[in-house]
$ cat my_file-v7.txt   # compact mmCIF, C-alpha atoms
# COMPACT_ATOMS: atom_id res chain seq x y z
CA MET A 1 -26.69 -6.17 4.32
CA TYR A 2 -24.39 -6.13 7.32
CA ALA A 3 -20.92 -4.66 7.65
CA CYS A 4 -18.07 -6.46 9.35
CA PRO A 5 -17.81 -5.16 12.92
CA MET A 6 -14.01 -5.03 12.60
CA CYS A 7 -13.13 -3.75 9.12
CA ARG A 8 -16.53 -2.13 8.32
CA GLN A 9 -16.68 -3.69 4.86
CA SER A 10 -19.80 -5.42 3.54
CA LEU A 11 -20.46 -9.03 4.48
CA THR A 12 -21.98 -11.83 2.48
CA VAL A 13 -25.18 -13.27 3.99
CA ASN A 14 -24.56 -15.66 6.91
CA ALA A 15 -20.80 -15.33 6.53
CA GLY A 16 -18.88 -17.41 9.05
CA ALA A 17 -15.87 -15.16 8.55
CA CYS A 18 -15.33 -11.79 6.96
CA ASP A 19 -14.17 -12.14 3.33
CA TRP A 20 -11.99 -9.08 3.76
CA CYS A 21 -10.28 -9.22 7.14
CA ALA A 22 -10.94 -12.93 7.86
CA VAL A 23 -12.27 -12.37 11.38
CA LYS A 24 -14.52 -15.19 12.56
CA LEU A 25 -18.18 -14.21 12.90
CA ALA A 26 -21.29 -15.66 14.52
CA PRO A 27 -24.85 -14.30 14.63
CA ASP A 28 -25.92 -12.48 17.80
CA GLU A 29 -29.41 -12.90 19.30
CA LYS A 30 -30.83 -10.52 16.65
CA GLY A 31 -29.04 -12.25 13.78
CA ALA A 32 -26.45 -9.52 13.31
CA PRO A 33 -22.84 -10.65 12.96
CA LYS A 34 -20.67 -10.47 16.03
CA VAL A 35 -16.96 -11.03 16.22
CA VAL A 36 -15.73 -14.27 17.76
CA LEU A 37 -12.22 -14.04 19.12
CA PRO A 38 -10.24 -17.01 20.39
CA SER A 39 -8.59 -16.84 23.77
CA VAL A 40 -4.82 -16.48 23.84
CA ASN A 41 -3.21 -18.72 26.44
CA PRO A 42 0.36 -18.38 27.66
CA GLY A 43 2.66 -21.34 27.12
CA LYS A 44 6.29 -22.10 27.89
CA VAL A 45 8.62 -19.24 28.81
CA ILE A 46 10.98 -18.25 26.00
CA VAL A 47 12.64 -15.30 27.73
CA GLY A 48 12.57 -14.61 31.46
CA ARG A 49 14.37 -11.65 33.05
CA ASP A 50 14.16 -11.10 36.78
CA PHE A 51 15.53 -7.60 37.18
CA GLY A 52 16.66 -8.40 40.70
CA TYR A 53 19.72 -9.85 38.99
CA ALA A 54 19.30 -9.50 35.18
CA SER A 55 19.85 -6.43 33.00
CA LEU A 56 17.19 -4.70 30.93
CA PRO A 57 16.84 -6.12 27.41
CA SER A 58 19.51 -4.75 25.03
CA LEU A 59 21.68 -3.49 27.94
CA THR A 60 24.73 -5.47 29.01
CA SER A 61 24.95 -4.21 32.59
CA ARG A 62 22.41 -3.53 35.31
CA ASP A 63 23.66 0.01 35.86
CA HIS A 64 23.75 2.24 32.82
CA LYS A 65 23.97 5.95 32.06
CA TRP A 66 23.15 7.68 28.78
CA ASP A 67 24.78 10.89 27.56
CA ASP A 68 21.63 12.92 28.18
CA GLY A 69 21.60 12.02 31.87
CA ASP A 70 18.97 9.26 31.80
CA HIS A 71 20.17 6.29 33.82
CA VAL A 72 19.35 2.87 35.22
CA ASP A 73 20.21 2.04 38.83
CA ALA A 74 20.36 -1.54 40.09
CA GLN A 75 18.44 -2.36 43.27
CA HIS A 76 17.86 -5.66 45.05
CA ASP A 77 14.24 -5.81 43.85
CA GLY A 78 14.72 -4.53 40.31
CA LEU A 79 16.07 -1.78 38.10
CA VAL A 80 15.08 1.86 38.47
CA LEU A 81 14.95 3.72 35.18
CA ASN A 82 15.36 7.49 35.49
CA VAL A 83 14.05 9.12 32.32
CA LYS A 84 13.12 12.61 31.19
CA ASP A 85 11.65 14.18 28.06
CA GLY A 86 11.34 11.10 25.90
CA MET A 87 10.94 7.36 25.77
CA ARG A 88 13.56 4.73 26.57
CA TRP A 89 13.26 1.45 24.67
CA PHE A 90 14.54 -1.96 25.73
CA THR A 91 14.14 -4.42 22.88
CA GLU A 92 14.75 -8.11 23.44
CA PRO A 93 17.63 -8.95 21.10
CA VAL A 94 17.36 -11.62 18.40
CA LEU A 95 13.85 -12.78 19.30
CA ARG A 96 11.42 -12.13 16.43
CA MET A 97 8.07 -13.81 16.77
CA ARG A 98 4.53 -13.93 15.46
CA ASP A 99 2.53 -15.27 18.41
CA GLY A 100 3.35 -14.86 22.07
CA VAL A 101 2.70 -13.27 25.42
CA VAL A 102 4.85 -10.34 26.56
CA ARG A 103 4.71 -9.45 30.25
CA VAL A 104 6.27 -6.78 32.41
CA LEU A 105 6.01 -6.23 36.16
CA PHE A 106 6.85 -2.71 37.30
CA ASP A 107 6.10 0.15 39.71
CA VAL A 108 5.81 3.71 38.46
CA LEU A 109 7.24 5.97 41.14
CA ASP A 110 6.52 9.43 39.71
CA SER A 111 3.69 11.14 37.87
CA ASP A 112 3.37 11.59 34.10
CA VAL A 113 5.06 8.33 33.17
CA ARG A 114 3.84 5.95 30.53
CA VAL A 115 5.02 2.34 30.39
CA ARG A 116 4.65 0.18 27.30
CA VAL A 117 4.90 -3.49 26.53
CA VAL A 118 5.46 -4.06 22.84
CA ALA A 119 5.02 -6.91 20.35
CA ARG A 120 5.66 -7.32 16.63
CA LYS A 121 7.97 -4.35 16.37
CA GLN A 122 9.39 -4.07 12.86
CA VAL A 123 12.14 -1.65 11.88
CA ILE A 124 12.47 -0.79 8.21
CA GLY A 125 15.18 1.80 7.63
CA ALA A 126 14.34 4.82 9.76
CA TYR A 127 10.76 3.69 10.36
CA SER A 128 9.24 1.45 13.01
CA LEU A 129 5.85 -0.22 13.37
CA TRP A 130 4.51 -2.10 16.39
CA TYR A 131 1.63 -3.02 18.71
CA GLU A 132 1.69 -1.89 22.31
CA MET A 133 -0.23 -2.10 25.53
CA SER A 134 0.52 0.93 27.69
CA ILE A 135 -0.62 2.49 30.95
CA TYR A 136 -0.41 5.83 32.70
CA PRO A 137 -0.65 4.82 36.39
CA ASP A 138 -1.45 8.29 37.67
CA LYS A 139 -4.32 8.60 35.18
CA ARG A 140 -5.35 4.98 35.80
CA SER A 141 -5.66 4.59 32.04
CA TYR A 142 -4.63 1.88 29.59
CA ARG A 143 -4.44 1.73 25.83
CA LEU A 144 -3.86 -1.00 23.24
CA SER A 145 -2.70 0.53 19.96
CA ARG A 146 -0.83 0.17 16.68
CA HIS A 147 2.04 2.58 16.04
CA PHE A 148 4.18 4.07 13.33
CA SER A 149 7.26 6.07 14.21
CA SER A 150 10.06 7.87 12.42
CA LYS A 151 12.47 10.62 13.40
CA GLU A 152 10.21 13.30 11.97
CA HIS A 153 6.82 11.86 12.82
CA GLY A 154 4.83 9.43 14.92
CA ASP A 155 1.25 8.28 14.52
CA ASP A 156 -0.95 5.62 16.01
CA THR A 157 -4.32 3.91 15.85
CA GLU A 158 -6.11 3.17 19.09
CA LEU A 159 -7.57 -0.34 19.14
CA CYS A 160 -9.07 -0.20 22.63
CA SER A 161 -8.61 1.83 25.80
CA GLY A 162 -9.95 2.61 29.25
CA GLU A 163 -9.85 5.58 31.63
CA ASN A 164 -9.95 5.48 35.41
CA HIS A 165 -9.80 1.73 35.28
CA PRO A 166 -9.82 -0.03 38.66
CA LEU A 167 -7.25 -2.58 37.49
CA VAL A 168 -4.62 0.09 36.81
CA ARG A 169 -2.74 0.56 40.06
CA GLY A 170 -1.57 4.10 40.80
CA LEU A 171 1.82 5.53 41.70
CA GLY A 172 3.95 3.28 43.87
CA GLY A 173 1.78 0.19 43.31
CA PHE A 174 3.06 -2.61 41.14
CA ASN A 175 1.42 -3.26 37.81
CA TYR A 176 1.62 -6.50 35.91
CA MET A 177 0.90 -5.78 32.26
CA GLU A 178 0.63 -8.24 29.39
CA LEU A 179 0.17 -8.02 25.65
CA ARG A 180 -0.95 -11.31 24.14
CA VAL A 181 -0.83 -11.76 20.36
CA GLN A 182 -1.92 -14.77 18.37
CA GLY A 183 -2.58 -14.36 14.66
CA PRO A 184 -4.76 -11.27 14.32
CA THR A 185 -6.06 -11.54 17.90
CA LEU A 186 -4.62 -9.06 20.39
CA GLU A 187 -5.37 -9.07 24.10
CA GLY A 188 -4.43 -6.59 26.80
CA TRP A 189 -4.17 -7.87 30.37
CA LEU A 190 -3.69 -5.93 33.59
CA ASN A 191 -2.85 -7.51 36.90
CA GLY A 192 -4.10 -10.93 35.84
CA THR A 193 -7.35 -9.82 34.20
CA LYS A 194 -8.13 -9.40 30.51
CA VAL A 195 -9.21 -5.80 29.94
CA CYS A 196 -9.53 -5.80 26.16
CA ALA A 197 -9.37 -8.03 23.10
CA THR A 198 -9.50 -7.08 19.45
CA HIS A 199 -8.73 -8.24 15.91
CA ASP A 200 -6.07 -6.45 13.88
CA ALA A 201 -4.07 -8.19 11.18
CA SER A 202 -1.95 -5.25 10.08
CA LEU A 203 1.32 -6.42 11.62
CA GLY A 204 2.21 -10.09 11.83
CA ILE A 205 5.72 -10.46 13.19
CA GLY A 206 8.46 -8.59 14.99
CA SER A 207 10.41 -7.96 18.16
CA THR A 208 9.25 -7.69 21.73
CA ALA A 209 10.18 -4.79 23.96
CA ILE A 210 9.41 -2.70 26.98
CA ALA A 211 9.59 1.07 27.05
CA ALA A 212 8.94 3.88 29.50
CA GLY A 213 8.98 7.61 29.16
CA THR A 214 7.60 10.99 29.93
CA SER A 215 7.08 14.31 28.23
CA GLU A 216 8.24 16.09 31.40
CA LYS A 217 11.64 17.83 31.44
CA SER A 218 12.57 16.57 34.90
CA ASN A 219 13.50 13.07 35.97
CA ARG A 220 10.79 10.42 36.27
CA ARG A 221 11.32 6.95 37.77
CA VAL A 222 10.07 3.45 37.01
CA LEU A 223 11.07 0.34 38.93
CA PHE A 224 11.16 -2.61 36.53
CA ARG A 225 10.83 -5.91 38.39
CA SER A 226 10.61 -8.54 35.64
CA PHE A 227 10.06 -9.18 31.95
CA GLU A 228 8.89 -12.39 30.33
CA VAL A 229 8.00 -13.63 26.87
CA THR A 230 6.13 -16.89 26.45
CA GLU A 231 4.82 -19.05 23.65
CA VAL A 232 1.09 -19.38 23.15
CA ALA A 233 -0.41 -22.68 24.26
CA PRO A 234 -3.27 -24.75 22.83
CA MET B 1 -19.59 -19.31 2.81
CA THR B 2 -17.04 -18.26 0.23
CA PRO B 3 -14.04 -20.56 0.23
CA GLN B 4 -10.98 -18.92 1.71
CA ALA B 5 -7.40 -19.96 1.84
CA LEU B 6 -6.33 -21.18 5.27
CA THR B 7 -9.30 -22.44 7.20
CA CYS B 8 -9.28 -25.10 9.88
CA ALA B 9 -10.42 -28.44 8.48
CA HIS B 10 -11.96 -29.27 11.87
CA CYS B 11 -13.98 -26.15 12.74
CA GLY B 12 -13.75 -23.94 9.63
CA ALA B 13 -12.25 -20.98 11.49
CA PRO B 14 -9.57 -18.79 9.87
CA LEU B 15 -6.02 -20.08 10.36
CA THR B 16 -2.64 -18.45 10.23
CA PHE B 17 -0.09 -20.22 8.05
CA ARG B 18 1.98 -22.77 9.95
CA ALA B 19 0.16 -22.06 13.22
CA PRO B 20 0.80 -25.08 15.44
CA PHE B 21 -2.88 -25.28 16.41
CA CYS B 22 -6.24 -23.74 15.51
CA ALA B 23 -6.78 -20.71 17.75
CA TYR B 24 -10.50 -21.51 18.00
CA CYS B 25 -10.93 -25.27 18.37
CA ARG B 26 -7.32 -25.89 19.57
CA THR B 27 -6.88 -28.77 17.12
CA ILE B 28 -3.20 -29.44 16.42
CA ILE B 29 -2.41 -28.71 12.77
CA ASN B 30 0.04 -30.74 10.70
CA TRP B 31 1.42 -28.67 7.87
CA ASP B 32 2.54 -31.39 5.51
CA ARG B 33 2.72 -29.32 2.34
CA ASP B 34 3.20 -25.80 1.09
CA LEU B 35 0.27 -23.74 0.07
CA LEU B 36 -0.51 -23.09 -3.60
CA ILE B 37 -2.76 -20.07 -3.76
CA THR B 38 -5.26 -19.94 -6.61
CA ARG B 39 -7.79 -17.37 -7.76
CA GLY B 40 -11.35 -17.64 -6.46
CA ALA B 41 -14.35 -15.43 -7.11
CA PRO B 42 -13.53 -11.83 -8.05
CA PHE B 43 -13.64 -8.97 -5.58
CA PHE B 44 -13.57 -6.65 -8.61
CA GLU B 45 -12.55 -6.65 -12.28
CA LEU B 46 -11.83 -3.38 -14.06
CA ASP B 47 -11.16 -2.76 -17.74
CA PHE B 48 -9.50 0.63 -18.12
CA SER B 49 -10.70 1.03 -21.69
CA HIS B 50 -14.06 1.93 -20.13
CA ASP B 51 -13.59 1.91 -16.34
CA LYS B 52 -11.97 4.87 -14.63
CA LEU B 53 -8.51 4.31 -13.21
CA PRO B 54 -8.82 4.65 -9.42
CA GLY B 55 -6.86 7.64 -8.18
CA TRP B 56 -6.24 8.90 -11.74
CA GLU B 57 -9.76 9.29 -13.06
CA ASP B 58 -8.65 11.92 -15.60
CA ALA B 59 -6.01 9.71 -17.22
CA PRO B 60 -6.61 9.64 -21.00
CA ARG B 61 -8.39 6.45 -22.01
CA SER B 62 -8.73 4.68 -25.34
CA HIS B 63 -9.84 1.22 -26.43
CA ASP B 64 -6.38 0.04 -25.30
CA GLY B 65 -6.70 1.27 -21.71
CA ALA B 66 -5.55 4.22 -19.60
CA LYS B 67 -2.33 5.92 -20.68
CA LEU B 68 -0.10 7.35 -17.99
CA ALA B 69 2.84 9.63 -18.68
CA ILE B 70 5.26 9.63 -15.76
CA GLU B 71 6.91 12.97 -16.28
CA LYS B 72 9.57 12.72 -13.60
CA ASP B 73 12.63 10.52 -13.40
CA ASP B 74 12.52 7.67 -10.90
CA TRP B 75 8.96 8.43 -9.96
CA GLU B 76 5.91 6.35 -9.30
CA TYR B 77 2.14 6.76 -9.65
CA TYR B 78 -0.34 4.54 -7.90
CA GLY B 79 -4.03 4.37 -7.12
CA SER B 80 -5.94 2.39 -4.53
CA PHE B 81 -8.81 0.00 -5.10
CA THR B 82 -11.69 0.08 -2.65
CA PRO B 83 -11.43 -3.09 -0.58
CA LYS B 84 -8.96 -3.77 2.18
CA VAL B 85 -8.23 -7.46 2.38
CA ARG B 86 -6.17 -10.04 4.16
CA ASN B 87 -6.10 -12.80 1.54
CA ALA B 88 -6.37 -11.98 -2.16
CA CYS B 89 -4.87 -12.23 -5.63
CA ILE B 90 -4.22 -8.77 -7.11
CA VAL B 91 -3.54 -8.59 -10.85
CA VAL B 92 -2.62 -5.67 -13.09
CA ARG B 93 -2.19 -5.89 -16.87
CA GLY B 94 -0.35 -3.23 -18.80
CA VAL B 95 2.26 -2.32 -21.38
CA ALA B 96 5.40 -0.25 -20.86
CA LEU B 97 5.54 1.92 -23.95
CA ASP B 98 9.21 2.79 -23.55
CA ARG B 99 12.31 1.38 -21.88
CA HIS B 100 11.94 3.52 -18.77
CA GLY B 101 8.51 2.34 -17.68
CA TYR B 102 7.47 -0.36 -15.24
CA ILE B 103 4.25 -1.88 -13.92
CA GLY B 104 3.29 -3.37 -10.61
CA VAL B 105 0.94 -3.85 -7.71
CA LYS B 106 0.84 -2.90 -4.05
CA ALA B 107 -0.88 -5.01 -1.43
CA ARG B 108 -1.67 -4.86 2.27
CA VAL B 109 -1.24 -1.12 2.21
CA SER B 110 -2.17 0.38 5.53
CA GLY B 111 -1.75 3.82 6.96
CA GLU B 112 -1.37 5.64 10.24
CA GLY B 113 -2.08 9.27 9.38
CA ASP B 114 0.36 10.20 6.61
CA ALA B 115 2.48 7.11 7.20
CA HIS B 116 2.00 3.99 5.11
CA SER B 117 3.29 0.46 4.77
CA GLY B 118 2.80 -2.53 2.49
CA TYR B 119 4.23 -4.87 -0.13
CA LYS B 120 5.19 -3.81 -3.61
CA LEU B 121 5.76 -6.03 -6.65
CA ARG B 122 7.20 -4.42 -9.77
CA ALA B 123 7.99 -5.82 -13.24
CA TYR B 124 10.56 -3.97 -15.38
CA PRO B 125 9.94 -4.89 -19.04
CA HIS B 126 13.13 -3.32 -20.43
CA LEU B 127 15.26 -5.34 -18.00
CA ARG B 128 12.88 -8.33 -18.08
CA SER B 129 13.21 -8.31 -14.32
CA TRP B 130 11.02 -8.09 -11.27
CA ARG B 131 11.43 -7.12 -7.64
CA LEU B 132 9.39 -7.64 -4.45
CA VAL B 133 9.86 -5.28 -1.51
CA ARG B 134 8.47 -4.25 1.83
CA GLU B 135 7.86 -0.52 1.97
CA VAL B 136 7.29 1.87 4.84
CA GLY B 137 7.05 5.59 4.38
CA TYR B 138 5.90 8.94 5.57
CA LYS B 139 4.35 11.24 2.98
CA GLN B 140 6.67 10.88 -0.05
CA ASN B 141 9.70 9.55 1.82
CA ASN B 142 9.92 5.78 1.60
CA GLU B 143 12.19 3.11 3.00
CA ILE B 144 12.22 -0.25 1.26
CA GLN B 145 13.59 -3.66 2.13
CA ASP B 146 14.14 -6.17 -0.63
CA MET B 147 12.31 -9.45 -0.15
CA VAL B 148 13.45 -10.58 -3.57
CA ALA B 149 15.93 -8.18 -5.16
CA TRP B 150 15.98 -7.43 -8.88
CA GLU B 151 15.76 -10.76 -10.66
CA TYR B 152 15.75 -11.54 -14.36
CA SER B 153 12.88 -13.70 -15.58
CA ALA B 154 11.96 -14.63 -19.11
CA ALA B 155 8.36 -14.53 -17.92
CA VAL B 156 8.52 -10.73 -17.96
CA ALA B 157 7.56 -9.58 -21.44
CA PRO B 158 9.69 -6.84 -23.04
CA VAL B 159 8.78 -3.22 -23.78
CA ASN B 160 5.65 -2.75 -25.92
CA GLU B 161 4.30 -6.16 -24.96
CA LEU B 162 1.58 -6.97 -22.47
CA ASN B 163 2.60 -7.91 -18.93
CA GLU B 164 0.26 -9.39 -16.34
CA VAL B 165 1.73 -8.85 -12.88
CA GLU B 166 0.10 -10.71 -10.01
CA LEU B 167 0.71 -11.04 -6.29
CA ARG B 168 -1.22 -13.74 -4.43
CA LEU B 169 -1.44 -13.43 -0.67
CA ALA B 170 -2.75 -15.80 1.97
CA ASP B 171 -1.64 -14.97 5.49
CA SER B 172 2.19 -15.00 5.43
CA VAL B 173 2.42 -16.74 2.04
CA LEU B 174 3.12 -14.42 -0.90
CA GLN B 175 3.26 -15.83 -4.41
CA VAL B 176 4.50 -13.92 -7.44
CA SER B 177 3.02 -14.72 -10.82
CA ILE B 178 3.96 -12.98 -14.06
CA ASN B 179 2.09 -13.63 -17.30
CA GLY B 180 0.51 -16.69 -15.77
CA GLN B 181 3.80 -18.26 -14.66
CA HIS B 182 4.33 -18.91 -10.98
CA ILE B 183 7.69 -17.30 -10.29
CA THR B 184 8.29 -17.69 -6.59
CA THR B 185 6.82 -18.12 -3.14
CA VAL B 186 8.00 -15.90 -0.28
CA TYR B 187 7.05 -16.23 3.37
CA ASP B 188 6.70 -13.00 5.28
CA ALA B 189 4.37 -12.10 8.12
CA GLY B 190 5.31 -8.43 8.24
CA PHE B 191 2.02 -7.06 6.93
CA LEU B 192 -1.15 -9.12 6.93
CA PHE B 193 -4.02 -6.79 6.06
CA GLY B 194 -4.61 -3.70 3.98
CA GLY B 195 -5.48 -2.11 0.69
CA LEU B 196 -4.63 -3.00 -2.91
CA SER B 197 -3.21 -0.65 -5.54
CA TRP B 198 -1.97 -0.54 -9.10
CA LEU B 199 1.33 1.18 -9.71
CA VAL B 200 3.42 2.39 -12.63
CA GLY B 201 6.77 4.11 -12.54
CA SER B 202 9.80 5.42 -14.33
CA ILE B 203 13.46 4.54 -13.99
CA ASP B 204 16.20 6.91 -15.13
CA SER B 205 13.94 9.05 -17.29
CA HIS B 206 10.33 9.90 -18.10
CA ALA B 207 8.13 6.97 -19.05
CA THR B 208 4.77 6.13 -20.56
CA VAL B 209 2.73 3.13 -19.55
CA MET B 210 -0.63 1.84 -20.78
CA LEU B 211 -2.67 0.16 -18.07
CA LYS B 212 -5.24 -2.19 -19.57
CA SER B 213 -6.99 -3.83 -16.66
CA ALA B 214 -6.85 -4.81 -13.01
CA ALA B 215 -8.64 -7.35 -10.89
CA ALA B 216 -8.60 -8.85 -7.43
CA TYR B 217 -9.81 -12.32 -6.55
CA ARG B 218 -10.38 -14.27 -3.40
CA ALA B 219 -7.41 -16.42 -2.51
CA ILE B 220 -8.40 -20.06 -2.26

$ encode --input "my_file-v7.txt" --output "structure tokens"
Amino acid sequence: MYACPMCRQSLTVNAGACDWCAVKLAPDEKGAPKVVLPSVNPGKVIVGRDFGYASLPSLTSRDHKWDDGDHVDAQHDGLVLNVKDGMRWFTEPVLRMRDGVVRVLFDVLDSDVRVRVVARKQVIGAYSLWYEMSIYPDKRSYRLSRHFSSKEHGDDTELCSGENHPLVRGLGGFNYMELRVQGPTLEGWLNGTKVCATHDASLGIGSTAIAAGTSEKSNRRVLFRSFEVTEVAP
Amino acid sequence: MTPQALTCAHCGAPLTFRAPFCAYCRTIINWDRDLLITRGAPFFELDFSHDKLPGWEDAPRSHDGAKLAIEKDDWEYYGSFTPKVRNACIVVRGVALDRHGYIGVKARVSGEGDAHSGYKLRAYPHLRSWRLVREVGYKQNNEIQDMVAWEYSAAVAPVNELNEVELRLADSVLQVSINGQHITTVYDAGFLFGGLSWLVGSIDSHATVMLKSAAAYRAI
């Protein structure tokens, strides 16, 4: 008796898909079930923001200052977010989608900054749920994960990750990060290369967003260059 | 292979509802009709006159089922069944023994630490009404969003009569059935995988509910 490699529940003999989580399966060379994931291909652009002239999602102007001192400064090549002690979110208004590709191009200019690209973000009352692909450039690490957040608590489940990854460019280098979602298939891409793919059907629809932040008390900077959301293509 | 709802007619791979093409073989899909979900082979069938009630193993049992006294106002008890599933029909049968009791099911319950989310279908015998919500919570604090707000239905049997409450799920298609009558179809892709639970609760005052049985079936 085999267990599903994704949900760990028992499989029927020669199952072509898991009865429980519906992931497609095929036998490996030893006859054990292995997960078969489809590829997720980008299609037509739904939202395109070149931050050389556009504002960050959910902001109406290119320059912006919050009461706590965080601010966005417009530059010719993008928007520099100055953030401290927390995470700043920029959610694409109106757009709520199941399948798509969410891309952000950015440079992290200071240490201890994490940048996220987010899909299927749902807000129910004071609670939020979402998938994200995130990187810490100075640690050269990436992480694809599922999140829950509320004012009093946050929790997450790591779906895949990597440390000291050669595709994560360090401070001052630009990173091009993508989260691709199609049905229960999630892919994380860095600088044009797929670094992870997994199956998770927990969340099926929601908003897209980018976010950046730090746990440090002093200002940290990220230069956002562009943001794009596309359909998936056959 | 066990039949499943929503498979590609061309390659047999799992499909998401109203996906424009199969993610595996890339065949374009024409969705020319709505989906009617029916029960397939059982994942489990439990009779609480002799099977323990998951999560409340010490609940007093008789030949009628497991009796639950909800001794707080506006409170809810629930217990989880073992499997976590994407597509299933979850059914609970029970009797509200007074006007304050209600019966229901939870589906696609998933958790991150102490946080949880899922769908909840409840039938209120005294009001002969039902309600379907999305729920997200942390510990005992919950936020709900109505998918179908309180709605009267003659299909809901009154207090002291048996109610069979069923939620059928296949991808983003959710179908409510009460006492064998198909009540409505709702489309929602919010939560697509997770656990199944029974639930009973009280409104306004303490309540007593007899749970007779529960079952989950493949959705075909």

$ interface_residues --input "my_file-v7.txt" --of "chain B" --to "chain A" --cutoff "6 Å" --atoms "all atoms listed in the file" --output "list in words"
Met1, Ala23, Tyr24, Arg26, Val85, Arg86, Glu112, Glu143, Ala189, Gly190, Phe191, Leu192 and Phe193 of chain B

$ write_last_selection --input "my_file-v7.txt" --atoms "C-alpha atoms" --output "JSON list (two decimals), in the coordinates of the input"
[["chain", "number", "residue", "atom", "x", "y", "z"],
["B", 1, "MET", "CA", -19.59, -19.31, 2.81],
["B", 23, "ALA", "CA", -6.78, -20.71, 17.75],
["B", 24, "TYR", "CA", -10.50, -21.51, 18.00],
["B", 26, "ARG", "CA", -7.32, -25.89, 19.57],
["B", 85, "VAL", "CA", -8.23, -7.46, 2.38],
["B", 86, "ARG", "CA", -6.17, -10.04, 4.16],
["B", 112, "GLU", "CA", -1.37, 5.64, 10.24],
["B", 143, "GLU", "CA", 12.19, 3.11, 3.00],
["B", 189, "ALA", "CA", 4.37, -12.10, 8.12],
["B", 190, "GLY", "CA", 5.31, -8.43, 8.24],
["B", 191, "PHE", "CA", 2.02, -7.06, 6.93],
["B", 192, "LEU", "CA", -1.15, -9.12, 6.93],
["B", 193, "PHE", "CA", -4.02, -6.79, 6.06]]

$ residues_around --input "my_file-v7.txt" --residues "Leu36 (chain B)" --least-positions-apart "4" --cutoff "10 Å" --atoms "all atoms listed in the file" --output "ChimeraX atom specification"
/B:5,168,170,173-175,182,185,219-220

$ write_last_selection --input "my_file-v7.txt" --atoms "C-alpha atoms" --output "short mmCIF file (atom, residue, chain, number, x, y, z; two decimals), in the coordinates of the input"
data_model
loop_
_atom_site.label_atom_id
_atom_site.label_comp_id
_atom_site.auth_asym_id
_atom_site.auth_seq_id
_atom_site.Cartn_x
_atom_site.Cartn_y
_atom_site.Cartn_z
CA ALA B 5 -7.40 -19.96 1.84
CA ARG B 168 -1.22 -13.74 -4.43
CA ALA B 170 -2.75 -15.80 1.97
CA VAL B 173 2.42 -16.74 2.04
CA LEU B 174 3.12 -14.42 -0.90
CA GLN B 175 3.26 -15.83 -4.41
CA HIS B 182 4.33 -18.91 -10.98
CA THR B 185 6.82 -18.12 -3.14
CA ALA B 219 -7.41 -16.42 -2.51
CA ILE B 220 -8.40 -20.06 -2.26
#

$ atom_distance --input "my_file-v7.txt" --atom1 "CA of Ile46 (chain A)" --atom2 "CA of Arg33 (chain B)"
27.4 Å

$ residues_around --input "my_file-v7.txt" --residues "Tyr217 (chain B)" --least-positions-apart "6" --cutoff "9 Å" --atoms "all atoms listed in the file" --output "JSON, numbers by chain"
{"B": [38, 39, 40, 41, 42, 43, 44, 45, 87, 88, 89, 90, 91, 168]}

$ axis_aligned_box --input "my_file-v7.txt" --around "region 162-174 of chain B" --padding-each-side "8 Å" --output "JSON"
{"center_x": 0.2, "center_y": -11.9, "center_z": -8.5, "size_x": 21.9, "size_y": 25.8, "size_z": 44.0}

$ residues_around --input "my_file-v7.txt" --residues "Leu223 (chain A)" --least-positions-apart "5" --cutoff "7 Å" --atoms "only C-alpha atoms" --output "VMD selection string"
chain A and resid 78 to 81 106 to 108

$ write_last_selection --input "my_file-v7.txt" --atoms "C-alpha atoms" --output "tab-separated table (two decimals), keeping the file's coordinate frame"
chain	number	residue	atom	x	y	z
A	78	GLY	CA	14.72	-4.53	40.31
A	79	LEU	CA	16.07	-1.78	38.10
A	80	VAL	CA	15.08	1.86	38.47
A	81	LEU	CA	14.95	3.72	35.18
A	106	PHE	CA	6.85	-2.71	37.30
A	107	ASP	CA	6.10	0.15	39.71
A	108	VAL	CA	5.81	3.71	38.46

$ residues_around --input "my_file-v7.txt" --residues "Trp75 (chain B)" --least-positions-apart "6" --cutoff "8 Å" --atoms "only C-alpha atoms" --output "PDB file with C-alpha atoms, in the frame of the given file"
ATOM      1  CA  GLY B 201       6.770   4.110 -12.540  1.00  0.00           C
ATOM      2  CA  SER B 202       9.800   5.420 -14.330  1.00  0.00           C
ATOM      3  CA  ILE B 203      13.460   4.540 -13.990  1.00  0.00           C
TER       4      ILE B 203
END

$ closest_residue --input "my_file-v7.txt" --among "A:Asp63, A:Asp85, A:Asp112, A:Glu231" --to "Ala19 (chain B)" --atoms "all atoms listed in the file"
A:Glu231

$ residues_around --input "my_file-v7.txt" --residues "Gly170 (chain A)" --least-positions-apart "6" --cutoff "7 Å" --atoms "all atoms listed in the file" --output "mmCIF file with C-alpha atoms, in the frame of the given file"
data_model
loop_
_atom_site.group_PDB
_atom_site.id
_atom_site.type_symbol
_atom_site.label_atom_id
_atom_site.label_comp_id
_atom_site.auth_asym_id
_atom_site.auth_seq_id
_atom_site.Cartn_x
_atom_site.Cartn_y
_atom_site.Cartn_z
ATOM 1 C CA PRO A 137 -0.650 4.820 36.390
ATOM 2 C CA ASP A 138 -1.450 8.290 37.670
ATOM 3 C CA ARG A 140 -5.350 4.980 35.800
#
